[in-house]
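Here is query.txt, consisting of compact mmCIF, C-alpha atoms:
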# COMPACT_ATOMS: atom_id res chain seq x y z
CA MET A 13 19.39 -5.40 -25.53
CA PHE A 14 15.75 -4.61 -25.37
CA LEU A 15 13.16 -3.20 -27.71
CA THR A 16 10.14 -1.32 -26.49
CA VAL A 17 6.87 -1.17 -28.37
CA ASP A 18 3.96 0.98 -27.34
CA THR A 19 0.37 0.89 -28.54
CA ARG A 20 0.08 4.65 -27.93
CA ASP A 21 2.79 5.23 -30.51
CA LYS A 22 1.27 6.33 -33.81
CA ARG A 23 3.77 4.32 -35.86
CA PRO A 24 2.72 0.82 -36.87
CA LEU A 25 4.22 -1.96 -34.79
CA TYR A 26 6.59 -3.19 -37.50
CA GLN A 27 7.93 0.36 -37.91
CA GLN A 28 8.56 0.61 -34.16
CA ILE A 29 10.62 -2.59 -34.41
CA VAL A 30 12.52 -1.27 -37.45
CA ASP A 31 13.28 2.04 -35.75
CA GLY A 32 14.17 0.33 -32.47
CA VAL A 33 16.69 -2.00 -34.12
CA LYS A 34 18.20 0.90 -36.09
CA GLU A 35 18.58 2.89 -32.88
CA LEU A 36 20.38 -0.01 -31.22
CA ILE A 37 22.67 -0.32 -34.24
CA ALA A 38 23.36 3.44 -34.28
CA ARG A 39 24.20 3.40 -30.58
CA GLY A 40 26.54 0.48 -31.04
CA ASP A 41 24.46 -1.79 -28.81
CA LEU A 42 24.01 -4.08 -31.80
CA ARG A 43 27.32 -4.51 -33.54
CA GLU A 44 28.12 -5.92 -36.93
CA GLY A 45 27.87 -9.71 -36.79
CA ALA A 46 25.51 -9.72 -33.80
CA THR A 47 22.72 -12.28 -34.06
CA LEU A 48 19.11 -11.25 -33.66
CA PRO A 49 16.52 -13.68 -32.30
CA SER A 50 14.29 -15.51 -34.73
CA VAL A 51 11.04 -14.03 -35.99
CA ARG A 52 9.21 -16.74 -34.05
CA GLN A 53 10.93 -15.84 -30.76
CA VAL A 54 10.28 -12.09 -31.00
CA ALA A 55 6.68 -12.63 -32.14
CA GLY A 56 6.08 -15.16 -29.37
CA ASP A 57 7.56 -12.98 -26.64
CA LEU A 58 5.53 -9.98 -27.70
CA GLY A 59 2.42 -11.98 -28.55
CA VAL A 60 2.07 -10.56 -32.05
CA ASN A 61 1.63 -12.09 -35.48
CA LEU A 62 4.73 -13.66 -37.07
CA ASN A 63 4.18 -11.53 -40.17
CA THR A 64 4.60 -8.28 -38.22
CA ILE A 65 8.11 -9.21 -37.16
CA ALA A 66 8.91 -10.78 -40.54
CA VAL A 67 7.97 -7.52 -42.29
CA ALA A 68 10.18 -5.54 -39.89
CA TYR A 69 13.15 -7.86 -40.46
CA ARG A 70 12.63 -7.77 -44.22
CA ARG A 71 12.54 -3.99 -44.17
CA LEU A 72 15.80 -3.90 -42.21
CA GLN A 73 17.31 -6.34 -44.70
CA GLU A 74 16.23 -4.17 -47.63
CA GLU A 75 17.84 -1.17 -45.98
CA GLY A 76 21.08 -3.10 -45.63
CA PHE A 77 21.19 -3.49 -41.85
CA LEU A 78 20.41 -7.18 -41.57
CA ASN A 79 21.40 -10.31 -43.35
CA ILE A 80 18.75 -13.01 -43.11
CA ARG A 81 20.01 -16.50 -43.88
CA HIS A 82 17.53 -19.32 -43.63
CA GLY A 83 18.72 -21.81 -41.07
CA ALA A 84 21.65 -19.64 -39.97
CA GLY A 85 19.71 -16.84 -38.32
CA THR A 86 19.52 -13.11 -38.68
CA VAL A 87 22.75 -11.18 -38.39
CA VAL A 88 23.48 -7.46 -38.23
CA SER A 89 25.35 -6.91 -41.47
CA SER A 90 26.30 -3.27 -41.33
CA ARG A 91 26.17 -0.14 -39.23
CA ARG A 92 25.49 1.89 -42.32
CA ALA A 93 22.36 1.91 -44.43
CA ARG A 94 22.73 1.16 -48.14
CA SER A 95 23.54 4.30 -50.05
CA VAL A 96 20.54 6.55 -50.22
CA GLU A 97 19.99 9.98 -51.63
CA GLU A 98 20.93 12.82 -49.30
CA ASP A 99 17.42 14.18 -49.68
CA GLU A 100 15.83 10.87 -48.68
CA LEU A 101 18.18 10.69 -45.68
CA ARG A 102 17.21 14.14 -44.48
CA GLN A 103 13.47 13.69 -44.93
CA PRO A 104 12.76 12.27 -41.40
CA LEU A 105 14.89 15.04 -39.87
CA ARG A 106 12.92 17.62 -41.79
CA THR A 107 9.64 16.10 -40.56
CA ALA A 108 10.85 16.09 -36.95
CA LEU A 109 12.05 19.69 -37.18
CA THR A 110 8.74 20.77 -38.67
CA GLN A 111 6.91 19.14 -35.77
CA LEU A 112 9.12 20.89 -33.24
CA ILE A 113 8.56 24.27 -34.94
CA LEU A 114 4.80 23.70 -35.05
CA ALA A 115 4.93 22.76 -31.36
CA GLY A 116 6.25 26.27 -30.71
CA ARG A 117 9.89 25.48 -29.91
CA SER A 118 12.41 28.24 -30.51
CA GLU A 119 15.40 27.73 -32.78
CA GLY A 120 17.69 27.59 -29.75
CA GLU A 121 15.56 24.94 -28.07
CA ILE A 122 15.47 22.86 -31.25
CA THR A 123 19.24 23.08 -31.69
CA ALA A 124 19.75 22.08 -28.05
CA ALA A 125 17.34 19.13 -28.44
CA VAL A 126 19.12 17.91 -31.61
CA GLN A 127 22.52 18.15 -29.90
CA GLN A 128 21.22 16.30 -26.84
CA GLU A 129 19.87 13.44 -28.93
CA LEU A 130 23.08 13.27 -30.92
CA ALA A 131 25.17 13.24 -27.75
CA PHE A 132 22.97 10.48 -26.31
CA ILE A 133 23.48 8.28 -29.36
CA ARG A 134 27.24 8.99 -29.49
CA GLN A 135 27.71 8.44 -25.77
CA LYS A 136 26.13 4.98 -25.98
CA GLY A 137 28.17 4.17 -29.07
CA ASP A 138 31.49 5.36 -27.60
CA SER A 139 31.01 3.48 -24.36
CA ARG A 140 31.35 0.20 -26.22
CA MET B 18 10.74 -57.85 6.87
CA SER B 19 13.08 -59.40 9.42
CA GLY B 20 15.51 -60.54 6.71
CA HIS B 21 16.17 -57.03 5.53
CA SER B 22 16.38 -55.11 8.76
CA SER B 23 19.49 -53.10 7.84
CA GLY B 24 17.94 -52.10 4.50
CA GLU B 25 14.72 -51.16 6.21
CA TRP B 26 16.56 -48.99 8.70
CA LEU B 27 18.29 -47.22 5.87
CA LEU B 28 14.96 -46.59 4.18
CA LEU B 29 13.39 -45.40 7.42
CA PHE B 30 16.28 -43.00 7.86
CA SER B 31 15.90 -41.71 4.27
CA THR B 32 12.15 -41.37 4.72
CA SER B 33 12.65 -39.44 7.94
CA LEU B 34 14.99 -37.06 6.11
CA ILE B 35 12.39 -36.60 3.37
CA VAL B 36 9.66 -35.86 5.92
CA ILE B 37 11.89 -33.38 7.77
CA TYR B 38 12.71 -31.74 4.44
CA LEU B 39 9.03 -31.48 3.45
CA VAL B 40 8.11 -29.87 6.78
CA PHE B 41 11.10 -27.51 6.56
CA TYR B 42 10.22 -26.58 2.95
CA LEU B 43 6.61 -25.98 3.97
CA VAL B 44 7.60 -23.61 6.75
CA LYS B 45 10.51 -21.82 5.08
CA ARG B 46 9.42 -21.56 1.45
CA GLN B 47 5.77 -22.39 0.92
CA TRP B 48 3.81 -20.94 3.83
CA ASN B 49 4.41 -17.30 2.96
CA TYR B 50 4.95 -17.84 -0.75
CA PRO B 51 2.00 -15.63 -1.81
CA LEU B 52 3.71 -12.72 -0.02
CA ASN B 53 7.07 -13.19 -1.74
CA HIS B 54 6.71 -9.84 -3.52
CA GLY B 55 5.34 -7.91 -0.58
CA PRO B 56 1.79 -6.93 0.39
CA GLY B 57 1.07 -5.50 -3.08
CA PHE B 58 0.77 -8.99 -4.59
CA TYR B 59 -0.90 -12.30 -3.88
CA LEU B 60 0.42 -15.34 -5.77
CA GLY B 61 1.54 -13.11 -8.59
CA VAL B 62 -1.69 -11.13 -8.76
CA GLU B 63 -1.49 -7.40 -8.06
CA VAL B 64 -3.81 -6.49 -5.19
CA ALA B 65 -4.98 -3.20 -3.72
CA SER B 66 -3.47 -1.83 -0.55
CA GLY B 67 -5.27 -3.15 2.50
CA PHE B 68 -6.00 -6.45 0.73
CA TYR B 69 -4.46 -8.47 3.54
CA ALA B 70 -6.61 -6.70 6.11
CA GLY B 71 -9.82 -7.79 4.34
CA GLU B 72 -10.40 -10.17 1.45
CA GLY B 73 -6.78 -11.32 1.54
CA VAL B 74 -7.24 -13.09 4.88
CA LEU B 75 -9.65 -15.52 3.21
CA TRP B 76 -7.35 -15.98 0.20
CA LEU B 77 -4.42 -16.74 2.46
CA LYS B 78 -6.57 -19.18 4.42
CA ARG B 79 -7.54 -20.93 1.17
CA TYR B 80 -3.90 -21.21 0.17
CA HIS B 81 -2.88 -22.62 3.54
CA THR B 82 -5.80 -25.08 3.51
CA ILE B 83 -4.75 -26.37 0.09
CA LEU B 84 -1.16 -26.66 1.27
CA LEU B 85 -2.05 -28.54 4.44
CA THR B 86 -4.51 -30.83 2.62
CA GLU B 87 -1.80 -31.69 0.11
CA ARG B 88 0.64 -32.48 2.91
CA LEU B 89 -2.01 -34.51 4.74
CA ILE B 90 -2.59 -36.65 1.64
CA GLU B 91 1.16 -37.16 1.33
CA ALA B 92 1.38 -38.14 5.00
CA LEU B 93 -1.50 -40.61 4.70
CA ALA B 94 0.04 -42.23 1.63
CA LEU B 95 3.38 -42.50 3.41
CA ALA B 96 1.75 -43.94 6.52
CA ALA B 97 0.01 -46.58 4.38
CA ILE B 98 3.37 -47.58 2.86
CA LEU B 99 5.08 -47.75 6.24
CA VAL B 100 2.28 -49.78 7.82
CA SER B 101 2.01 -52.22 4.92
CA GLY B 102 5.81 -52.57 4.69
CA ARG B 103 5.75 -52.10 0.89
CA TRP B 104 9.09 -50.28 0.87
CA ASN B 105 9.55 -50.51 -2.86
CA LEU B 106 6.68 -48.01 -3.19
CA LEU B 107 8.67 -45.27 -1.41
CA PRO B 108 10.35 -43.86 -4.55
CA VAL B 109 6.97 -43.97 -6.33
CA TRP B 110 5.52 -42.04 -3.40
CA ALA B 111 8.33 -39.45 -3.49
CA GLY B 112 8.05 -38.91 -7.24
CA GLY B 113 4.26 -39.11 -7.31
CA MET B 114 3.96 -36.55 -4.56
CA ALA B 115 6.27 -34.15 -6.39
CA VAL B 116 4.06 -34.38 -9.50
CA PHE B 117 0.90 -34.12 -7.37
CA ALA B 118 2.20 -31.08 -5.46
CA THR B 119 3.20 -29.31 -8.70
CA ALA B 120 -0.23 -29.99 -10.21
CA ILE B 121 -2.02 -28.70 -7.12
CA PHE B 122 0.16 -25.58 -7.00
CA LEU B 123 -0.30 -24.81 -10.71
CA GLY B 124 -4.02 -25.53 -10.47
CA PHE B 125 -4.49 -23.18 -7.52
CA THR B 126 -2.37 -20.49 -9.19
CA ALA B 127 -4.45 -20.78 -12.37
CA TYR B 128 -7.65 -20.55 -10.29
CA THR B 129 -6.31 -17.44 -8.51
CA ARG B 130 -5.43 -15.89 -11.87
CA ALA B 131 -8.86 -16.64 -13.29
CA THR B 132 -10.74 -15.17 -10.32
CA LEU B 133 -8.77 -12.65 -8.27
CA GLY B 134 -6.50 -11.71 -11.18
CA ALA B 135 -9.16 -11.69 -13.89
CA ASN B 136 -8.76 -7.92 -14.39
CA GLN B 137 -5.04 -7.53 -14.04
CA PRO B 138 -3.56 -4.26 -15.31
CA VAL B 139 -2.98 -4.05 -19.04
CA ARG B 140 0.09 -2.11 -20.08
CA THR B 141 0.21 -0.10 -23.27
CA SER B 142 3.87 -0.91 -23.78
CA ALA B 143 5.90 -4.09 -23.72
CA VAL B 144 9.59 -4.77 -23.88
CA VAL B 145 11.14 -7.64 -25.74
CA SER B 146 14.66 -8.95 -25.35
CA LEU B 147 16.86 -9.30 -28.43
CA GLU B 148 18.89 -12.05 -26.78
CA THR B 149 18.65 -15.26 -28.78
CA ARG B 150 17.33 -18.25 -26.85
CA ARG B 151 18.41 -21.44 -28.58
CA LEU B 152 17.12 -24.80 -27.43
CA GLY B 153 20.70 -26.07 -27.30
CA ASP B 154 21.64 -23.37 -24.76
CA TYR B 155 19.10 -24.76 -22.31
CA ILE B 156 18.58 -28.38 -23.22
CA SER B 157 21.42 -30.87 -23.30
CA TRP B 158 20.76 -33.06 -26.31
CA PRO B 159 23.39 -35.65 -25.32
CA ALA B 160 21.55 -36.02 -21.99
CA GLU B 161 18.22 -36.36 -23.84
CA VAL B 162 19.69 -39.02 -26.12
CA SER B 163 21.16 -40.84 -23.10
CA MET B 164 17.72 -40.84 -21.47
CA ALA B 165 16.10 -42.15 -24.64
CA VAL B 166 18.70 -44.92 -24.91
CA ILE B 167 18.23 -45.96 -21.26
CA ILE B 168 14.44 -45.99 -21.67
CA ALA B 169 14.76 -48.08 -24.84
CA LEU B 170 17.14 -50.52 -23.11
CA CYS B 171 14.78 -50.86 -20.14
CA TRP B 172 11.87 -51.62 -22.43
CA ALA B 173 13.92 -54.06 -24.46
CA LEU B 174 14.95 -55.87 -21.26
CA LEU B 175 11.39 -56.00 -19.95
CA LEU B 176 9.90 -57.09 -23.28
CA THR B 177 12.42 -59.85 -23.84
CA HIS B 178 13.17 -61.05 -20.30
CA GLY B 179 10.27 -59.82 -18.18
CA ASP B 180 9.51 -62.19 -15.29
CA ALA B 181 6.16 -63.46 -14.06
CA HIS B 182 5.81 -60.65 -11.51
CA LEU B 183 6.21 -57.92 -14.10
CA ARG B 184 3.37 -55.40 -14.19
CA TRP B 185 3.31 -52.99 -17.09
CA ASN B 186 1.65 -50.08 -15.31
CA GLY B 187 4.92 -48.89 -13.73
CA PRO B 188 7.03 -48.73 -16.91
CA VAL B 189 4.17 -47.25 -18.96
CA VAL B 190 3.41 -44.48 -16.44
CA LEU B 191 7.10 -43.71 -15.89
CA THR B 192 7.77 -43.53 -19.62
CA TYR B 193 4.75 -41.27 -20.08
CA VAL B 194 6.02 -38.91 -17.37
CA LEU B 195 9.57 -38.96 -18.74
CA VAL B 196 8.69 -38.33 -22.36
CA GLY B 197 5.80 -35.99 -21.53
CA LEU B 198 8.04 -33.50 -19.73
CA LEU B 199 10.13 -32.80 -22.83
CA PRO B 200 7.50 -30.57 -24.55
CA PHE B 201 7.34 -28.48 -21.36
CA LYS B 202 11.07 -27.97 -21.49
CA ILE B 203 10.86 -26.82 -25.10
CA GLY B 204 7.89 -24.57 -24.26
CA VAL B 205 9.75 -22.97 -21.38
CA VAL B 206 12.73 -22.14 -23.59
CA ARG B 207 10.64 -20.87 -26.47
CA GLU B 208 8.51 -18.45 -24.52
CA ASN B 209 9.17 -15.42 -22.42
CA PRO B 210 6.54 -13.18 -20.88
CA PRO B 211 6.29 -9.59 -22.07
CA LEU B 212 8.56 -7.50 -19.87
CA PRO B 213 7.65 -4.26 -18.13
CA SER B 214 9.38 -1.16 -19.48
CA GLU B 215 10.85 -0.34 -16.07
CA ARG B 216 13.81 -2.53 -15.00
CA ALA B 217 13.30 -4.68 -18.09
CA GLU B 218 16.76 -6.21 -17.93
CA GLU B 219 16.37 -7.30 -14.29
CA HIS B 220 12.98 -8.82 -15.08
CA TYR B 221 14.47 -10.67 -18.04
CA ARG B 222 17.40 -12.02 -15.99
CA TRP B 223 14.99 -13.13 -13.29
CA ALA B 224 12.69 -14.83 -15.82
CA ASP B 225 15.72 -16.53 -17.31
CA ALA B 226 16.89 -17.71 -13.88
CA GLN B 227 13.41 -19.14 -13.27
CA ARG B 228 13.49 -20.84 -16.64
CA ARG B 229 16.82 -22.50 -15.83
CA GLN B 230 15.63 -23.50 -12.38
CA TRP B 231 12.51 -25.20 -13.80
CA LEU B 232 14.60 -27.01 -16.40
CA ARG B 233 17.04 -28.18 -13.72
CA LEU B 234 14.20 -29.41 -11.53
CA TRP B 235 12.45 -31.25 -14.35
CA ASP B 236 15.68 -32.82 -15.53
CA GLY B 237 16.38 -33.93 -11.98
CA MET B 238 12.89 -35.39 -11.71
CA ARG B 239 13.33 -37.17 -15.02
CA TRP B 240 16.65 -38.71 -13.95
CA PHE B 241 14.97 -39.76 -10.73
CA PHE B 242 12.26 -41.56 -12.73
CA ILE B 243 14.95 -43.06 -14.98
CA ILE B 244 16.59 -44.57 -11.88
CA ILE B 245 13.26 -46.11 -10.85
CA LEU B 246 12.58 -47.40 -14.37
CA ALA B 247 16.08 -48.83 -14.71
CA GLY B 248 15.82 -50.42 -11.28
CA TYR B 249 12.46 -51.93 -12.14
CA ALA B 250 13.79 -53.25 -15.44
CA LEU B 251 16.78 -54.82 -13.66
CA LEU B 252 14.65 -56.39 -10.94
CA HIS B 253 12.10 -57.84 -13.36
CA GLY B 254 14.14 -58.37 -16.52
CA TRP B 255 17.51 -59.59 -15.30
CA PRO B 256 17.23 -63.25 -14.34
CA ALA B 257 20.08 -63.07 -11.78
CA ALA B 258 18.35 -60.23 -9.90
CA SER B 259 16.16 -62.57 -7.87
CA SER B 260 19.25 -64.16 -6.32
CA ILE B 261 20.76 -60.83 -5.21
CA ALA B 262 18.83 -59.94 -2.07
CA TRP B 263 20.25 -56.47 -1.61
CA LEU B 264 19.62 -55.27 -5.17
CA ARG B 265 16.08 -54.08 -4.40
CA TRP B 266 17.34 -52.08 -1.42
CA LEU B 267 20.15 -50.60 -3.44
CA VAL B 268 17.76 -49.36 -6.14
CA VAL B 269 15.36 -47.86 -3.59
CA GLY B 270 18.24 -46.34 -1.61
CA ILE B 271 19.84 -44.75 -4.69
CA ALA B 272 16.48 -43.34 -5.80
CA LEU B 273 15.75 -41.84 -2.37
CA ALA B 274 19.26 -40.41 -2.03
CA PHE B 275 18.94 -38.84 -5.47
CA TRP B 276 15.54 -37.41 -4.54
CA LEU B 277 16.98 -35.86 -1.38
CA VAL B 278 19.85 -34.23 -3.26
CA LEU B 279 17.39 -32.95 -5.86
CA MET B 280 15.12 -31.45 -3.24
CA GLY B 281 18.13 -29.85 -1.53
CA ILE B 282 19.06 -28.16 -4.81
CA GLN B 283 15.45 -27.10 -5.29
CA PHE B 284 15.40 -25.57 -1.81
CA ARG B 285 18.59 -23.61 -2.49
CA ASP B 286 17.43 -22.45 -5.94
CA SER B 287 13.98 -21.38 -4.77
CA GLY B 288 15.58 -19.28 -2.02
CA ARG B 289 17.93 -17.60 -4.52
CA LEU B 290 15.09 -16.91 -6.94
CA ALA B 291 12.88 -15.46 -4.22
CA ALA B 292 15.70 -13.12 -3.14
CA MET B 293 16.44 -12.16 -6.74
CA GLY B 294 12.85 -11.21 -7.55
CA ARG B 295 11.70 -9.85 -4.20
CA ASP B 296 11.42 -6.24 -5.33
CA LEU B 297 10.47 -7.04 -8.93
CA ARG B 298 6.96 -7.48 -10.27
CA PRO B 299 5.92 -11.16 -10.34
CA LEU B 300 5.93 -12.42 -13.91
CA GLY B 301 2.48 -12.20 -15.36
CA SER B 302 1.11 -9.77 -12.77
CA TRP B 303 0.28 -7.56 -15.73
CA SER B 304 -0.80 -8.10 -19.29
CA GLY B 305 1.22 -6.87 -22.21
CA PRO B 306 -0.68 -4.99 -24.91
CA PHE B 307 -0.77 -8.07 -27.13
CA ARG B 308 -0.83 -11.02 -24.76
CA ARG B 309 -1.38 -11.97 -21.16
CA VAL B 310 0.58 -14.42 -19.13
CA THR B 311 -1.51 -17.00 -17.38
CA LEU B 312 0.92 -18.53 -14.92
CA MET B 313 3.85 -17.25 -12.93
CA MET B 314 6.56 -19.10 -14.76
CA PRO B 315 7.41 -18.44 -18.37
CA GLY B 316 6.29 -20.76 -21.06
CA ILE B 317 4.09 -23.19 -19.19
CA SER B 318 0.77 -23.36 -20.91
CA PRO B 319 -1.89 -24.40 -18.41
CA TRP B 320 -3.66 -26.26 -21.22
CA LEU B 321 -0.54 -28.24 -22.09
CA PHE B 322 0.09 -29.04 -18.44
CA GLY B 323 -3.61 -29.87 -17.96
CA ALA B 324 -3.57 -32.25 -20.93
CA TRP B 325 -0.40 -33.94 -19.69
CA PHE B 326 -1.74 -34.29 -16.16
CA ALA B 327 -5.14 -35.54 -17.42
CA GLY B 328 -3.30 -38.17 -19.48
CA LEU B 329 -1.41 -39.26 -16.39
CA VAL B 330 -4.61 -39.57 -14.36
CA LEU B 331 -6.29 -41.52 -17.19
CA LEU B 332 -3.35 -43.93 -17.31
CA LEU B 333 -3.48 -44.45 -13.55
CA VAL B 334 -7.25 -45.03 -13.67
CA PHE B 335 -6.85 -47.40 -16.62
CA PHE B 336 -4.25 -49.52 -14.83
CA ARG B 337 -6.26 -49.49 -11.62
CA HIS B 338 -8.99 -51.47 -13.42
Just give me the structure of the file as structure tokens.
Amino acid sequence: MFLTVDTRDKRPLYQQIVDGVKELIARGDLREGATLPSVRQVAGDLGVNLNTIAVAYRRLQEEGFLNIRHGAGTVVSSRRARSVEEDELRQPLRTALTQLILAGRSEGEITAAVQQELAFIRQKGDSR
Amino acid sequence: MSGHSSGEWLLLFSTSLIVIYLVFYLVKRQWNYPLNHGPGFYLGVEVASGFYAGEGVLWLKRYHTILLTERLIEALALAAILVSGRWNLLPVWAGGMAVFATAIFLGFTAYTRATLGANQPVRTSAVVSLETRRLGDYISWPAEVSMAVIIALCWALLLTHGDAHLRWNGPVVLTYVLVGLLPFKIGVVRENPPLPSERAEEHYRWADAQRRQWLRLWDGMRWFFIIILAGYALLHGWPAASSIAWLRWLVVGIALAFWLVLMGIQFRDSGRLAAMGRDLRPLGSWSGPFRRVTLMMPGISPWLFGAWFAGLVLLLVFFRH
């Protein structure tokens, strides 16, 4: 499993890590109980500050995806986020849809794009 | 010499095999090493098309000159041993030359990186593997403990029973080399270069194969030095050793045989690695957005290696006076 970070991406680095790990979990690439490398290893491989990775891991822990045990490593604890309000859950989708509308996409194109992305995530998940 | 003719013949035979191996390795693996990844790269540095029709000719000539000079020094040292009949120096020569050749290679690679590869391409993206690399998956702690115990026993034997011919330079330098290679092993496991976004998995597997090959080679070298140290401790710390004429030959023979097997494995592994990475980008031929890789193999800090090598040279100079 690999995570890609890009300096052209507008999201901060830690957020790219958070989103990347969530995507791997959603696809089923990272299953419950899977161990993630230490903060030191990820930071060293990327060449970034330890804090950047630590913040990303902590955020994932707060959202219920990871269980960080000192000395025992970081383990994927769940495929589901802790219970959140429906409205909070939909907020990123709303933002993405707004961006697609502002970019001039038609409703049909947007629906097709959403279905494609969903199929991509499901396909990866089902293949495991 | 006349009293040990059969032992000497055995050593001559072993030495001939080593020389044949070194020439074979030079021709088959080292001569065209800079071109391992095709004409788009030179020693892990990305070069423009047409490089080998212009500037590259000089760079290749430099590389070949370094290689031949290194081999010439090895040949001269070997000739001096053969002429003087100091056979017990053969394992020291074999091990010393391996360390010397590695230092020369790393030094020249670092120089190439600092000059020709000073402006290597910087990528905006980097890929990181989420595979956990634990020290225990790469380093055998029981083997490390065994080495430590053998070293301690050798020192105990030499300190308590060392004979009048005992010279401390050998055990000190060998122990320095043995212990000093452990931080490199840890460094190699801990670090991994940033991966390119295209064919990231293949690059990671290749980097991992290189990592394991380096660890295998270093462990082999360390066991080789352990054999020499143990042999030296036996010869100079075990009172009965002086009455066993063939013991010296046995130690030298075992060390040389081990060295030959080790080099055979190295030859096989380097061929496999070259085939595995032929159409991949050499590690460190680009810079990630947050860090650059200075040498071709993962995890080897040139500063750490430089400090270790400088320490070795200082020790040798110190004992020379």
One-decimal distance in Å that lies between atom CA of Gln47 of chain B and atom CA of Arg88 of chain B | 11.5 Å
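Atom CA of Ser163 of chain B is positioned 19.8 Å from atom CA of Leu176 of chain B.
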May I ask you to extract the residues of chain A within 9 Å of chain B, using only C-alpha atoms, and to give them as a list of chain:residue names?
->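 Residues passing the distance filter: A:Met13, A:Phe14, A:Leu15, A:Thr16, A:Val17, A:Asp18, A:Thr19, A:Arg20, A:Thr47, A:Leu48, A:Pro49, A:Ser50, A:Arg52, A:Gln53, A:Val54, A:Gly56, A:Asp57, A:Leu58, A:Gly59, A:Val60.
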For the point (8.8, 7.3, -35.1) in the file's frame, write as an NGL selection string all residues with an atom no more than 7 Å away, counting all atoms listed in the file.
-> :A and (23 or 28 or 31)
Centre, x/y/z edge lengths, axis-aligned box for segment 100-106 of chain A with 6 Å per side, as lines of an AutoDock Vina configuration file:
center_x = 15.5
center_y = 14.2
center_z = -44.3
size_x = 17.4
size_y = 18.9
size_z = 20.8
Within 12 Å of Val40 of chain B, counting all atoms listed in the file, which residues qualify if same-chain residues fewer than 5 places away don't, as a ChimeraX atom specification?
-> /B:33-35,45-48,84-85,88-89,91-92
Would you work out the distance separating atom CA of Leu123 of chain B from atom CA of Ser287 of chain B, expressed in Å to one decimal?
->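 One can read the atom CA of Leu123 of chain B to atom CA of Ser287 of chain B distance as 15.8 Å.
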Residue nearest Leu333 of chain B among B:Thr82, B:Val269, B:Gly113, B:Tyr42 (counting all atoms listed in the file) =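 Closest candidate: B:Gly113.
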Skipping near chain neighbours, those fewer than 5 positions away, what residues fall within 9 Å of segment 79-88 of chain A using all atoms listed in the file, listed as number ranges by chain?
-> A: 37, 42-51, 69-70, 72-73
Counting all atoms listed in the file, note down every residue that has an atom within 9 Å of the point (25.8, -0.9, -38.2) (file coordinates), as an MDAnalysis selection string.
-> chainID A and resid 34 36:40 42:44 77:78 88:93
Selection near Thr64 of chain A, 8 Å with all atoms listed in the file, sequence-local residues under 5 positions removed, as a list in words | Leu25, Tyr26 and Ala55 of chain A
Tell me which of B:Val62, B:Ala94, B:Leu264, B:Leu199 sits closest to Gly248 of chain B, counting all atoms listed in the file.
->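 Distance minimum relative to Gly248 of chain B lands on B:Leu264.
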Counting all atoms listed in the file, the option among B:Leu75, B:Glu63, B:Pro56, B:Ala292 closest to Val139 of chain B =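 Result for the nearest residue to Val139 of chain B: B:Glu63.
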Selection: 9 Å around His54 of chain B, only C-alpha atoms, excl. self and same-chain fewer than 5 positions, as a PyMOL selection string | chain B and resi 59-61+291+294-299
Close residues, Trp255 of chain B itself excluded, 12 Å, only C-alpha atoms, min 2 positions apart in chain, as a list in words |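 Returned residues: Leu170, Cys171, Ala173, Leu174, Leu175, Leu176, Thr177, His178, Gly179, Asp180, Leu183, Ala247, Gly248, Tyr249, Ala250, Leu251, Leu252, His253, Ala257, Ala258, Ser259, Ser260, Ile261 and Leu264 of chain B.
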Only C-alpha atoms, please: the residues just picked out, written as a PDB file, in the frame of the given file.
ATOM      1  CA  LEU B 170      17.140 -50.520 -23.110  1.00  0.00           C
ATOM      2  CA  CYS B 171      14.780 -50.860 -20.140  1.00  0.00           C
ATOM      3  CA  ALA B 173      13.920 -54.060 -24.460  1.00  0.00           C
ATOM      4  CA  LEU B 174      14.950 -55.870 -21.260  1.00  0.00           C
ATOM      5  CA  LEU B 175      11.390 -56.000 -19.950  1.00  0.00           C
ATOM      6  CA  LEU B 176       9.900 -57.090 -23.280  1.00  0.00           C
ATOM      7  CA  THR B 177      12.420 -59.850 -23.840  1.00  0.00           C
ATOM      8  CA  HIS B 178      13.170 -61.050 -20.300  1.00  0.00           C
ATOM      9  CA  GLY B 179      10.270 -59.820 -18.180  1.00  0.00           C
ATOM     10  CA  ASP B 180       9.510 -62.190 -15.290  1.00  0.00           C
ATOM     11  CA  LEU B 183       6.210 -57.920 -14.100  1.00  0.00           C
ATOM     12  CA  ALA B 247      16.080 -48.830 -14.710  1.00  0.00           C
ATOM     13  CA  GLY B 248      15.820 -50.420 -11.280  1.00  0.00           C
ATOM     14  CA  TYR B 249      12.460 -51.930 -12.140  1.00  0.00           C
ATOM     15  CA  ALA B 250      13.790 -53.250 -15.440  1.00  0.00           C
ATOM     16  CA  LEU B 251      16.780 -54.820 -13.660  1.00  0.00           C
ATOM     17  CA  LEU B 252      14.650 -56.390 -10.940  1.00  0.00           C
ATOM     18  CA  HIS B 253      12.100 -57.840 -13.360  1.00  0.00           C
ATOM     19  CA  ALA B 257      20.080 -63.070 -11.780  1.00  0.00           C
ATOM     20  CA  ALA B 258      18.350 -60.230  -9.900  1.00  0.00           C
ATOM     21  CA  SER B 259      16.160 -62.570  -7.870  1.00  0.00           C
ATOM     22  CA  SER B 260      19.250 -64.160  -6.320  1.00  0.00           C
ATOM     23  CA  ILE B 261      20.760 -60.830  -5.210  1.00  0.00           C
ATOM     24  CA  LEU B 264      19.620 -55.270  -5.170  1.00  0.00           C
TER      25      LEU B 264
END
